[in-house]
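Worksheet for the structure shown next.
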Amino acid sequence: MMRTLFCSLATASVFALTPCVAAAAAGYPDRPVRLIVGFPPGGAADTLGRIAAQQLTDRLGEQVVVDNRGGAGGLIATEIAAKAGADGYTLLFSSIPHVINPHLRKVSYDAIRDFIPVVQFVAVPLMMAAAPSFPANSVRELIDYAKANPGKVDYGSAGSGSSSHLAVELLKSMAGIRLEHIPYKGTGPLVTDMLGGRIGLTIASAVPLSPQVKSGKLRGLAVTGPKRSAAFPGLPAIAETVPGYEVVNWFGIFAPAGSPAAALSRINKELNAALDAPDLVKLLNARGADAAGGSSADFLRVVKADFSKWGKVVKESGARVD
C-alpha cells in the first residue's frame with residue numbers, strides 16, 4: 001500500500017528520481033519512441049530535434065523517430081501531442097512558441113497544465129544582425145540612429161507574433177525607440193532579403209544567421225541572452241547596453257500530462273548525461289546553441305516565467321495571429 005502511494009506521487013507534473021521511479025525506468029523503452037517536432041525539416045528546430053533524438057536513440061537502445069509536423073509556429077505539433085497517448089512513447093520537441101502561441105490565438109490546450117516539461121535541451125539566444133549597408137554597427141548606434149530617425153528604420157522578423165518579432169518589440173519598449181515591422185514567412189526568406197539588401201536589420205534565431213555572419217555577408221551586432229553566448233563569444237549581449245533585456249529561445253522535450261514518471265525520468269537522465277559530453281557541447285555551439293539540461297523542475301520554472309513574460313509583451317505590442 002505504501003509502495004503504491006510512493007509511486008503515484010512520482011507521477012506529478014514535475015517527477016522525482018525516487019527509488020520506485022528509478023526501478024521502473026530500467027525497463028523503458030521496449031519499442032520505438034516518437035518525437036514530434038513542430039517545424040519542417042531543415043530548420044533550426046528540426047536540426048536540434050534530430051540531434052536530441054540521436055542522442056536518446058544511442059542511450060536508450062531504442063529508435064527515437066522524428067515526426068515533423070510543421071505549421072502555425074509549432075501549434076499543429078503541440079495540438080497533436082496534447083491528444084496523444086500519455087504512455088511515454090510520444091514526446092514533443094518544442095521551443096518558445098509553446099508559451100507564445102496561447103497569447104496570440106485560440107488554442108485547444110493549456111500550455112502549462114497539459115504538458116510535462118521533461119528536460120531543456122539547449123538555450124539559443126537570438127542574434128541582432130544587420131546588412132552591410134545598415135547605418136549602425138552596435139546596439140548603442142542603433143538606438144541613437146532610431147531616435148534621430150523615428151519611424152524611418154525598418155526591421156524584418158520571421159513572422160508576426162514570432163519570437164523574432166516580439167524580441168524587437170521588447171527592445172523598442174525598453175529602449176524607447178520606434179522601428180517599423182516587416183514580417184516574413186520564416187527566417188529563410190528574411191535572410192535572403194537581408195543578403196539582397198532589401199531589409200537592413202533583424203533579431204532572429206542565431207542558428208540560420210550564424211553562417212552568414214561568420215562568412216561576413218551579414219554583421220552580427222549582439223546576442224539577446226543575459227550575457228555573452230559561448231557560441232558567439234565575440235558578440236556583446238544587448239543587456240550590456242539595455243540593462244535587463246533578455247530573450248532566450250529554449251528548445252526542450254515535453255510529454256503529455258499523465259505520462260509515466262519512470263519513462264520521463266529515464267529521458268531526463270539520459271539527455272543530461274549526453275549534454276555532459278564535450279563533443280556534443282561543441283556540436284551545439286557550432287550551431288549557435290548553448291547546452292542546457294537540468295531537472296524537470298528547472299525547465300518548468302523557465303516555461304512558467306516565459307509564459308508570463310511573453311503574455312505581457314504580446315498584449316503591449318498588439319500582436320495577433322488569426
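Within each chain, counting starts at residue 1; across the C-alpha cells, chains are named A, B, ... in the order shown, with ligands numbered 1 upward in that order.
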Checklist entry - Can you list, as a ChimeraX atom specification, every protein, DNA or RNA residue that comes within 7 Å of stretch 96-105 of chain A when you count only C-alpha atoms, leaving out same-chain residues fewer than 2 positions away? => result /A:73-74,94,107,111,161,249-250,306-307,310-311,314,319-322
Written selection (all heavy atoms) as a compact mmCIF listing (two decimals), in the first residue's frame:
```txt
# COMPACT_ATOMS: atom_id res chain seq x y z
N GLY A 73 3.63 27.92 -36.49
CA GLY A 73 4.58 28.18 -35.42
C GLY A 73 4.61 27.13 -34.34
O GLY A 73 4.75 27.45 -33.15
N GLY A 74 4.49 25.87 -34.73
CA GLY A 74 4.53 24.78 -33.76
C GLY A 74 3.18 24.40 -33.19
O GLY A 74 3.07 23.41 -32.45
N SER A 94 9.84 21.09 -28.50
CA SER A 94 9.24 22.40 -28.73
C SER A 94 10.17 23.51 -28.27
O SER A 94 11.22 23.27 -27.67
CB SER A 94 7.89 22.49 -28.01
OG SER A 94 7.14 23.62 -28.45
N VAL A 107 -6.21 28.40 -28.70
CA VAL A 107 -5.62 27.07 -28.80
C VAL A 107 -6.49 26.07 -28.05
O VAL A 107 -7.28 26.44 -27.17
CB VAL A 107 -4.18 27.05 -28.26
CG1 VAL A 107 -3.28 27.99 -29.06
CG2 VAL A 107 -4.14 27.41 -26.78
N ALA A 111 -0.96 25.24 -22.19
CA ALA A 111 0.48 25.05 -22.37
C ALA A 111 1.17 24.59 -21.09
O ALA A 111 2.20 23.91 -21.14
CB ALA A 111 1.12 26.34 -22.87
N GLY A 161 4.15 37.85 -34.52
CA GLY A 161 3.94 37.04 -33.32
C GLY A 161 5.06 36.06 -33.04
O GLY A 161 5.03 35.38 -32.01
N ASN A 249 15.64 31.73 -26.66
CA ASN A 249 14.74 30.76 -27.29
C ASN A 249 15.21 29.36 -26.92
O ASN A 249 16.15 28.84 -27.51
CB ASN A 249 14.75 30.93 -28.81
CG ASN A 249 13.69 30.08 -29.47
OD1 ASN A 249 12.84 29.48 -28.81
ND2 ASN A 249 13.74 29.99 -30.79
N TRP A 250 14.59 28.78 -25.92
CA TRP A 250 14.95 27.44 -25.49
C TRP A 250 14.30 26.37 -26.36
O TRP A 250 13.27 26.61 -27.00
CB TRP A 250 14.55 27.22 -24.03
CG TRP A 250 13.20 27.76 -23.65
CD1 TRP A 250 12.95 28.94 -23.00
CD2 TRP A 250 11.91 27.18 -23.91
NE1 TRP A 250 11.60 29.12 -22.84
CE2 TRP A 250 10.94 28.05 -23.38
CE3 TRP A 250 11.49 26.00 -24.53
CZ2 TRP A 250 9.57 27.79 -23.46
CZ3 TRP A 250 10.14 25.73 -24.62
CH2 TRP A 250 9.18 26.62 -24.08
N ASP A 306 8.48 32.37 -18.81
CA ASP A 306 8.33 32.89 -20.16
C ASP A 306 6.87 33.00 -20.58
O ASP A 306 6.52 33.88 -21.37
CB ASP A 306 9.10 32.01 -21.15
CG ASP A 306 10.56 32.42 -21.26
OD1 ASP A 306 10.95 33.42 -20.62
OD2 ASP A 306 11.32 31.77 -22.00
N PHE A 307 6.02 32.13 -20.06
CA PHE A 307 4.59 32.24 -20.36
C PHE A 307 4.07 33.60 -19.87
O PHE A 307 3.36 34.31 -20.59
CB PHE A 307 3.82 31.11 -19.67
CG PHE A 307 2.36 31.08 -20.02
CD1 PHE A 307 1.92 30.38 -21.13
CD2 PHE A 307 1.42 31.74 -19.24
CE1 PHE A 307 0.57 30.35 -21.46
CE2 PHE A 307 0.08 31.72 -19.56
CZ PHE A 307 -0.35 31.01 -20.67
N TRP A 310 6.02 36.71 -21.95
CA TRP A 310 5.62 36.95 -23.33
C TRP A 310 4.14 37.28 -23.45
O TRP A 310 3.73 37.94 -24.40
CB TRP A 310 6.01 35.77 -24.21
CG TRP A 310 7.50 35.68 -24.30
CD1 TRP A 310 8.31 34.72 -23.81
CD2 TRP A 310 8.37 36.67 -24.88
NE1 TRP A 310 9.63 35.02 -24.05
CE2 TRP A 310 9.70 36.21 -24.70
CE3 TRP A 310 8.16 37.88 -25.53
CZ2 TRP A 310 10.80 36.93 -25.15
CZ3 TRP A 310 9.26 38.60 -25.97
CH2 TRP A 310 10.56 38.12 -25.79
N GLY A 311 3.35 36.87 -22.47
CA GLY A 311 1.96 37.29 -22.46
C GLY A 311 1.85 38.81 -22.36
O GLY A 311 1.05 39.44 -23.06
N VAL A 314 3.13 40.41 -25.76
CA VAL A 314 2.11 40.27 -26.81
C VAL A 314 1.00 41.30 -26.60
O VAL A 314 0.56 41.97 -27.54
CB VAL A 314 1.54 38.85 -26.82
CG1 VAL A 314 0.29 38.77 -27.72
CG2 VAL A 314 2.59 37.85 -27.32
N ALA A 319 0.21 42.33 -30.98
CA ALA A 319 0.41 41.24 -31.95
C ALA A 319 -0.75 40.27 -31.89
O ALA A 319 -1.28 39.96 -30.82
CB ALA A 319 1.73 40.52 -31.67
N ARG A 320 -1.12 39.75 -33.05
CA ARG A 320 -2.22 38.81 -33.12
C ARG A 320 -2.06 37.96 -34.40
O ARG A 320 -1.64 38.48 -35.44
CB ARG A 320 -3.57 39.51 -33.15
CG ARG A 320 -4.77 38.59 -32.95
CD ARG A 320 -4.86 38.12 -31.53
NE ARG A 320 -5.90 37.11 -31.35
CZ ARG A 320 -6.04 36.39 -30.24
NH1 ARG A 320 -5.24 36.58 -29.23
NH2 ARG A 320 -7.01 35.50 -30.14
N VAL A 321 -2.37 36.69 -34.30
CA VAL A 321 -2.35 35.81 -35.45
C VAL A 321 -3.70 35.13 -35.53
O VAL A 321 -4.15 34.50 -34.58
CB VAL A 321 -1.23 34.74 -35.34
CG1 VAL A 321 -1.28 33.79 -36.53
CG2 VAL A 321 0.13 35.40 -35.27
N ASP A 322 -4.36 35.26 -36.67
CA ASP A 322 -5.69 34.67 -36.83
C ASP A 322 -5.57 33.19 -37.23
O ASP A 322 -4.62 32.81 -37.89
CB ASP A 322 -6.48 35.41 -37.91
CG ASP A 322 -6.74 36.85 -37.49
OD1 ASP A 322 -6.94 37.09 -36.28
OD2 ASP A 322 -6.74 37.73 -38.37
```
Checklist entry - What residues in stretch 79-284 of chain A get the DSSP label helix (DSSP H, G or I)? Please answer as number ranges by chain. => result A: 79-83, 97-104, 139-148, 163-175, 187-195, 206-214, 238-240, 261-275, 278-284
Item to check | Non-local contacts of A:Asp279 (12 Å; only C-alpha atoms; under 6 positions in same chain excluded) as JSON, numbers by chain | outcome: {"A": [55, 285, 286, 291]}
How would the residues just chosen look if you wrote them out with N, CA and C atoms as a PDB file, in the first residue's frame?
```
ATOM      1  N   GLN A  55      20.846  11.350 -29.839  1.00  0.00           N
ATOM      2  CA  GLN A  55      21.457  11.128 -28.524  1.00  0.00           C
ATOM      3  C   GLN A  55      20.617  10.161 -27.692  1.00  0.00           C
ATOM      4  N   ASN A 285      27.319  24.288 -29.938  1.00  0.00           N
ATOM      5  CA  ASN A 285      27.866  25.643 -30.054  1.00  0.00           C
ATOM      6  C   ASN A 285      28.083  26.027 -31.510  1.00  0.00           C
ATOM      7  N   ALA A 286      28.522  25.065 -32.316  1.00  0.00           N
ATOM      8  CA  ALA A 286      28.756  25.326 -33.734  1.00  0.00           C
ATOM      9  C   ALA A 286      27.469  25.671 -34.460  1.00  0.00           C
ATOM     10  N   ALA A 291      24.350  24.332 -24.602  1.00  0.00           N
ATOM     11  CA  ALA A 291      23.797  23.172 -23.916  1.00  0.00           C
ATOM     12  C   ALA A 291      23.106  23.608 -22.624  1.00  0.00           C
TER      13      ALA A 291
END
```
Checklist entry - Contacts of A:Lys147 at 12 Å or less, counting only C-alpha atoms, minus same-chain residues fewer than 6 places along, as a list in words? => result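 My reading of the contact set: Arg140, Glu141, Val153, Lys172, Ala175, Gly176, Ile177, Arg178 and Leu179 of chain A.
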Checklist entry - If you run DSSP on this backbone, which residues of stretch 44-108 of chain A come out as strand (DSSP E), and could you give them as a PyMOL selection string? => result chain A and resi 64-68+90-95
